[in-house]
Amino acid sequence: SSAMVFNKVDIGISSLSTIMYERLFFGFKCLILPDRYEDYPIESSNFRKICPREPVNFELLLAQLINQSSSKFFEEFNLKTYRSKLLSE
């Protein structure tokens, strides 16, 4: 199960998959590639920041995340509310 090895992968990358939302809930970094879903996520969603649409944007974002801590990731992309409240800050 992918959920059993979250800690073995620094950055999860996937198209629209519930496993990415599980990663966020448990405090792990991820990028979501919505590919053919032009309206996902809606523009006002914080998820938009981790959903690169162009290859160059994906590469830049990935390079940024490689050396970034999970705490910084959640803070910088304003995703802290998606983490489990049981996780320490």
# chains A, B, ... in the order shown; residues from 1 in each chain; ligands from 1

call {"tool": "residues_around", "arguments": {"residues": "range 73-89 of chain A", "least_positions_apart": "2", "cutoff": "10 Å", "atoms": "only C-alpha atoms", "output": "mmCIF file with N, CA, C and O atoms, in the first residue's frame"}}
result
data_model
loop_
_atom_site.group_PDB
_atom_site.id
_atom_site.type_symbol
_atom_site.label_atom_id
_atom_site.label_comp_id
_atom_site.auth_asym_id
_atom_site.auth_seq_id
_atom_site.Cartn_x
_atom_site.Cartn_y
_atom_site.Cartn_z
ATOM 1 N N TYR A 21 -4.063 13.387 -1.290
ATOM 2 C CA TYR A 21 -4.754 14.061 -0.193
ATOM 3 C C TYR A 21 -4.465 13.367 1.143
ATOM 4 O O TYR A 21 -4.391 14.010 2.177
ATOM 5 N N GLU A 22 -4.256 12.070 1.090
ATOM 6 C CA GLU A 22 -3.821 11.354 2.293
ATOM 7 C C GLU A 22 -2.430 11.811 2.695
ATOM 8 O O GLU A 22 -2.152 12.017 3.876
ATOM 9 N N ARG A 23 -1.532 11.972 1.716
ATOM 10 C CA ARG A 23 -0.178 12.463 2.012
ATOM 11 C C ARG A 23 -0.251 13.826 2.698
ATOM 12 O O ARG A 23 0.429 14.062 3.700
ATOM 13 N N LEU A 24 -1.068 14.715 2.169
ATOM 14 C CA LEU A 24 -1.208 16.040 2.779
ATOM 15 C C LEU A 24 -1.738 15.928 4.201
ATOM 16 O O LEU A 24 -1.241 16.583 5.118
ATOM 17 N N PHE A 25 -2.744 15.102 4.391
ATOM 18 C CA PHE A 25 -3.336 14.929 5.717
ATOM 19 C C PHE A 25 -2.290 14.483 6.734
ATOM 20 O O PHE A 25 -2.280 14.930 7.872
ATOM 21 N N PHE A 26 -1.383 13.599 6.323
ATOM 22 C CA PHE A 26 -0.371 13.082 7.234
ATOM 23 C C PHE A 26 0.925 13.885 7.224
ATOM 24 O O PHE A 26 1.908 13.484 7.839
ATOM 25 N N GLY A 27 0.922 15.028 6.540
ATOM 26 C CA GLY A 27 2.057 15.949 6.634
ATOM 27 C C GLY A 27 3.190 15.711 5.659
ATOM 28 O O GLY A 27 4.323 16.103 5.947
ATOM 29 N N PHE A 28 2.923 15.117 4.512
ATOM 30 C CA PHE A 28 3.967 14.850 3.521
ATOM 31 C C PHE A 28 3.769 15.724 2.285
ATOM 32 O O PHE A 28 2.646 15.983 1.860
ATOM 33 N N LYS A 29 4.877 16.147 1.705
ATOM 34 C CA LYS A 29 4.851 17.005 0.521
ATOM 35 C C LYS A 29 4.344 16.247 -0.697
ATOM 36 O O LYS A 29 4.582 15.050 -0.826
ATOM 37 N N CYS A 30 3.676 16.997 -1.592
ATOM 38 C CA CYS A 30 3.232 16.380 -2.842
ATOM 39 C C CYS A 30 2.946 17.433 -3.898
ATOM 40 O O CYS A 30 2.757 18.604 -3.592
ATOM 41 N N SER A 45 -8.563 28.015 -4.656
ATOM 42 C CA SER A 45 -8.086 26.927 -3.795
ATOM 43 C C SER A 45 -6.575 26.998 -3.581
ATOM 44 O O SER A 45 -5.815 27.270 -4.515
ATOM 45 N N ASN A 46 -6.157 26.730 -2.371
ATOM 46 C CA ASN A 46 -4.722 26.660 -2.077
ATOM 47 C C ASN A 46 -4.049 25.505 -2.815
ATOM 48 O O ASN A 46 -2.849 25.529 -3.039
ATOM 49 N N PHE A 47 -4.815 24.510 -3.201
ATOM 50 C CA PHE A 47 -4.251 23.388 -3.952
ATOM 51 C C PHE A 47 -3.681 23.842 -5.292
ATOM 52 O O PHE A 47 -2.796 23.222 -5.846
ATOM 53 N N ARG A 48 -4.201 24.932 -5.809
ATOM 54 C CA ARG A 48 -3.748 25.449 -7.116
ATOM 55 C C ARG A 48 -2.234 25.672 -7.111
ATOM 56 O O ARG A 48 -1.572 25.509 -8.134
ATOM 57 N N LYS A 49 -1.685 26.030 -5.966
ATOM 58 C CA LYS A 49 -0.257 26.319 -5.845
ATOM 59 C C LYS A 49 0.617 25.073 -6.004
ATOM 60 O O LYS A 49 1.804 25.179 -6.298
ATOM 61 N N ILE A 50 0.035 23.903 -5.776
ATOM 62 C CA ILE A 50 0.817 22.668 -5.899
ATOM 63 C C ILE A 50 0.353 21.824 -7.084
ATOM 64 O O ILE A 50 0.607 20.629 -7.143
ATOM 65 N N GLN A 64 12.279 23.513 -6.199
ATOM 66 C CA GLN A 64 12.059 24.267 -4.960
ATOM 67 C C GLN A 64 11.764 23.329 -3.791
ATOM 68 O O GLN A 64 12.254 23.524 -2.680
ATOM 69 N N LEU A 65 10.956 22.302 -4.033
ATOM 70 C CA LEU A 65 10.523 21.419 -2.950
ATOM 71 C C LEU A 65 11.588 20.432 -2.501
ATOM 72 O O LEU A 65 11.547 19.947 -1.378
ATOM 73 N N GLN A 68 13.248 21.551 0.606
ATOM 74 C CA GLN A 68 12.355 22.226 1.531
ATOM 75 C C GLN A 68 11.794 21.239 2.549
ATOM 76 O O GLN A 68 11.402 20.131 2.194
ATOM 77 N N SER A 69 11.753 21.645 3.793
ATOM 78 C CA SER A 69 11.171 20.782 4.826
ATOM 79 C C SER A 69 9.658 20.699 4.633
ATOM 80 O O SER A 69 9.042 21.569 4.010
ATOM 81 N N SER A 70 9.084 19.662 5.177
ATOM 82 C CA SER A 70 7.624 19.515 5.108
ATOM 83 C C SER A 70 6.925 20.675 5.805
ATOM 84 O O SER A 70 5.925 21.190 5.305
ATOM 85 N N SER A 71 7.455 21.097 6.937
ATOM 86 C CA SER A 71 6.845 22.222 7.665
ATOM 87 C C SER A 71 6.830 23.477 6.809
ATOM 88 O O SER A 71 5.826 24.182 6.745
#

call {"tool": "residues_around", "arguments": {"residues": "range 12-19 of chain A", "least_positions_apart": "4", "cutoff": "10 Å", "atoms": "only C-alpha atoms", "output": "list of chain:residue names"}}
result
A:Ser2, A:Ala3, A:Phe6, A:Lys8, A:Arg23, A:Leu24, A:Phe25, A:Phe28, A:Lys29, A:Cys30, A:Leu31, A:Ile32, A:Leu33, A:Pro34, A:Asp35, A:Arg36, A:Tyr37, A:Tyr40, A:Cys51, A:Leu62

call {"tool": "write_last_selection", "arguments": {"atoms": "N, CA and C atoms", "output": "compact mmCIF listing (two decimals), in the first residue's frame"}}
result
# COMPACT_ATOMS: atom_id res chain seq x y z
N SER A 2 0.55 2.20 -0.85
CA SER A 2 1.31 3.46 -0.91
C SER A 2 1.29 4.18 0.44
N ALA A 3 0.18 4.13 1.12
CA ALA A 3 0.06 4.83 2.40
C ALA A 3 1.04 4.30 3.45
N PHE A 6 4.75 6.29 2.92
CA PHE A 6 4.83 7.74 2.74
C PHE A 6 6.20 8.28 3.14
N LYS A 8 9.03 7.06 2.91
CA LYS A 8 10.14 6.66 2.05
C LYS A 8 10.26 7.55 0.80
N ARG A 23 -1.53 11.97 1.72
CA ARG A 23 -0.18 12.46 2.01
C ARG A 23 -0.25 13.83 2.70
N LEU A 24 -1.07 14.72 2.17
CA LEU A 24 -1.21 16.04 2.78
C LEU A 24 -1.74 15.93 4.20
N PHE A 25 -2.74 15.10 4.39
CA PHE A 25 -3.34 14.93 5.72
C PHE A 25 -2.29 14.48 6.73
N PHE A 28 2.92 15.12 4.51
CA PHE A 28 3.97 14.85 3.52
C PHE A 28 3.77 15.72 2.28
N LYS A 29 4.88 16.15 1.71
CA LYS A 29 4.85 17.00 0.52
C LYS A 29 4.34 16.25 -0.70
N CYS A 30 3.68 17.00 -1.59
CA CYS A 30 3.23 16.38 -2.84
C CYS A 30 2.95 17.43 -3.90
N LEU A 31 2.94 16.97 -5.13
CA LEU A 31 2.53 17.77 -6.28
C LEU A 31 1.42 17.01 -6.98
N ILE A 32 0.40 17.72 -7.38
CA ILE A 32 -0.73 17.10 -8.06
C ILE A 32 -0.75 17.62 -9.49
N LEU A 33 -0.80 16.71 -10.44
CA LEU A 33 -0.79 17.08 -11.85
C LEU A 33 -2.17 16.79 -12.45
N PRO A 34 -3.05 17.79 -12.47
CA PRO A 34 -4.42 17.55 -12.90
C PRO A 34 -4.58 17.34 -14.41
N ASP A 35 -3.52 17.51 -15.18
CA ASP A 35 -3.46 17.21 -16.60
C ASP A 35 -4.67 17.71 -17.38
N ARG A 36 -5.63 16.87 -17.64
CA ARG A 36 -6.77 17.22 -18.50
C ARG A 36 -7.91 17.92 -17.78
N TYR A 37 -7.76 18.19 -16.52
CA TYR A 37 -8.83 18.81 -15.75
C TYR A 37 -8.54 20.31 -15.61
N TYR A 40 -9.70 22.22 -12.44
CA TYR A 40 -9.29 21.69 -11.13
C TYR A 40 -7.87 22.12 -10.83
N CYS A 51 -0.32 22.48 -8.02
CA CYS A 51 -0.82 21.82 -9.23
C CYS A 51 -0.25 22.50 -10.47
N LEU A 62 9.29 21.54 -8.48
CA LEU A 62 9.96 20.35 -7.95
C LEU A 62 11.34 20.71 -7.40

call {"tool": "atom_distance", "arguments": {"atom1": "CA of Glu59 in chain A", "atom2": "CA of Val5 in chain A"}}
result
24.0 Å

call {"tool": "select_by_dssp", "arguments": {"residues": "chain A", "states": "alpha helix (DSSP H)", "output": "MDAnalysis selection string"}}
result
chainID A and resid 18:25 55:66 70:76

call {"tool": "select_by_dssp", "arguments": {"residues": "chain A", "states": "strand (DSSP E or B)", "output": "short mmCIF file (atom, residue, chain, number, x, y, z; two decimals) with all heavy atoms, in the first residue's frame"}}
result
data_model
loop_
_atom_site.label_atom_id
_atom_site.label_comp_id
_atom_site.auth_asym_id
_atom_site.auth_seq_id
_atom_site.Cartn_x
_atom_site.Cartn_y
_atom_site.Cartn_z
N ILE A 11 8.77 13.60 -1.97
CA ILE A 11 7.71 14.35 -2.64
C ILE A 11 6.86 13.39 -3.46
O ILE A 11 7.35 12.76 -4.40
CB ILE A 11 8.30 15.41 -3.59
CG1 ILE A 11 9.26 16.35 -2.84
CG2 ILE A 11 7.18 16.22 -4.26
CD1 ILE A 11 10.15 17.16 -3.74
N GLY A 12 5.61 13.26 -3.10
CA GLY A 12 4.70 12.43 -3.88
C GLY A 12 4.23 13.20 -5.10
O GLY A 12 3.91 14.38 -5.01
N ILE A 13 4.22 12.54 -6.25
CA ILE A 13 3.78 13.17 -7.49
C ILE A 13 2.77 12.25 -8.15
O ILE A 13 3.04 11.07 -8.35
CB ILE A 13 4.96 13.41 -8.45
CG1 ILE A 13 6.01 14.31 -7.78
CG2 ILE A 13 4.48 14.01 -9.76
CD1 ILE A 13 7.31 14.41 -8.54
N SER A 14 1.62 12.82 -8.48
CA SER A 14 0.56 12.01 -9.07
C SER A 14 -0.44 12.89 -9.79
O SER A 14 -0.51 14.09 -9.55
CB SER A 14 -0.16 11.22 -7.98
OG SER A 14 -1.23 10.48 -8.50
N LYS A 29 4.88 16.15 1.71
CA LYS A 29 4.85 17.00 0.52
C LYS A 29 4.34 16.25 -0.70
O LYS A 29 4.58 15.05 -0.83
CB LYS A 29 6.26 17.52 0.21
CG LYS A 29 6.89 18.33 1.30
CD LYS A 29 8.27 18.84 0.91
CE LYS A 29 9.30 17.75 0.86
NZ LYS A 29 10.66 18.24 0.60
N CYS A 30 3.68 17.00 -1.59
CA CYS A 30 3.23 16.38 -2.84
C CYS A 30 2.95 17.43 -3.90
O CYS A 30 2.76 18.60 -3.59
CB CYS A 30 2.01 15.50 -2.62
SG CYS A 30 0.50 16.37 -2.23
N LEU A 31 2.94 16.97 -5.13
CA LEU A 31 2.53 17.77 -6.28
C LEU A 31 1.42 17.01 -6.98
O LEU A 31 1.51 15.79 -7.14
CB LEU A 31 3.69 17.98 -7.25
CG LEU A 31 4.83 18.85 -6.76
CD1 LEU A 31 5.96 18.88 -7.79
CD2 LEU A 31 4.35 20.25 -6.46
N ILE A 32 0.40 17.72 -7.38
CA ILE A 32 -0.73 17.10 -8.06
C ILE A 32 -0.75 17.62 -9.49
O ILE A 32 -0.71 18.83 -9.72
CB ILE A 32 -2.05 17.45 -7.34
CG1 ILE A 32 -2.00 16.95 -5.89
CG2 ILE A 32 -3.25 16.86 -8.09
CD1 ILE A 32 -3.11 17.48 -5.01
#

call {"tool": "atom_distance", "arguments": {"atom1": "CA of Asp10 in chain A", "atom2": "CA of Pro55 in chain A"}}
result
19.9 Å

call {"tool": "atom_distance", "arguments": {"atom1": "CA of Phe58 in chain A", "atom2": "CA of Pro41 in chain A"}}
result
15.8 Å
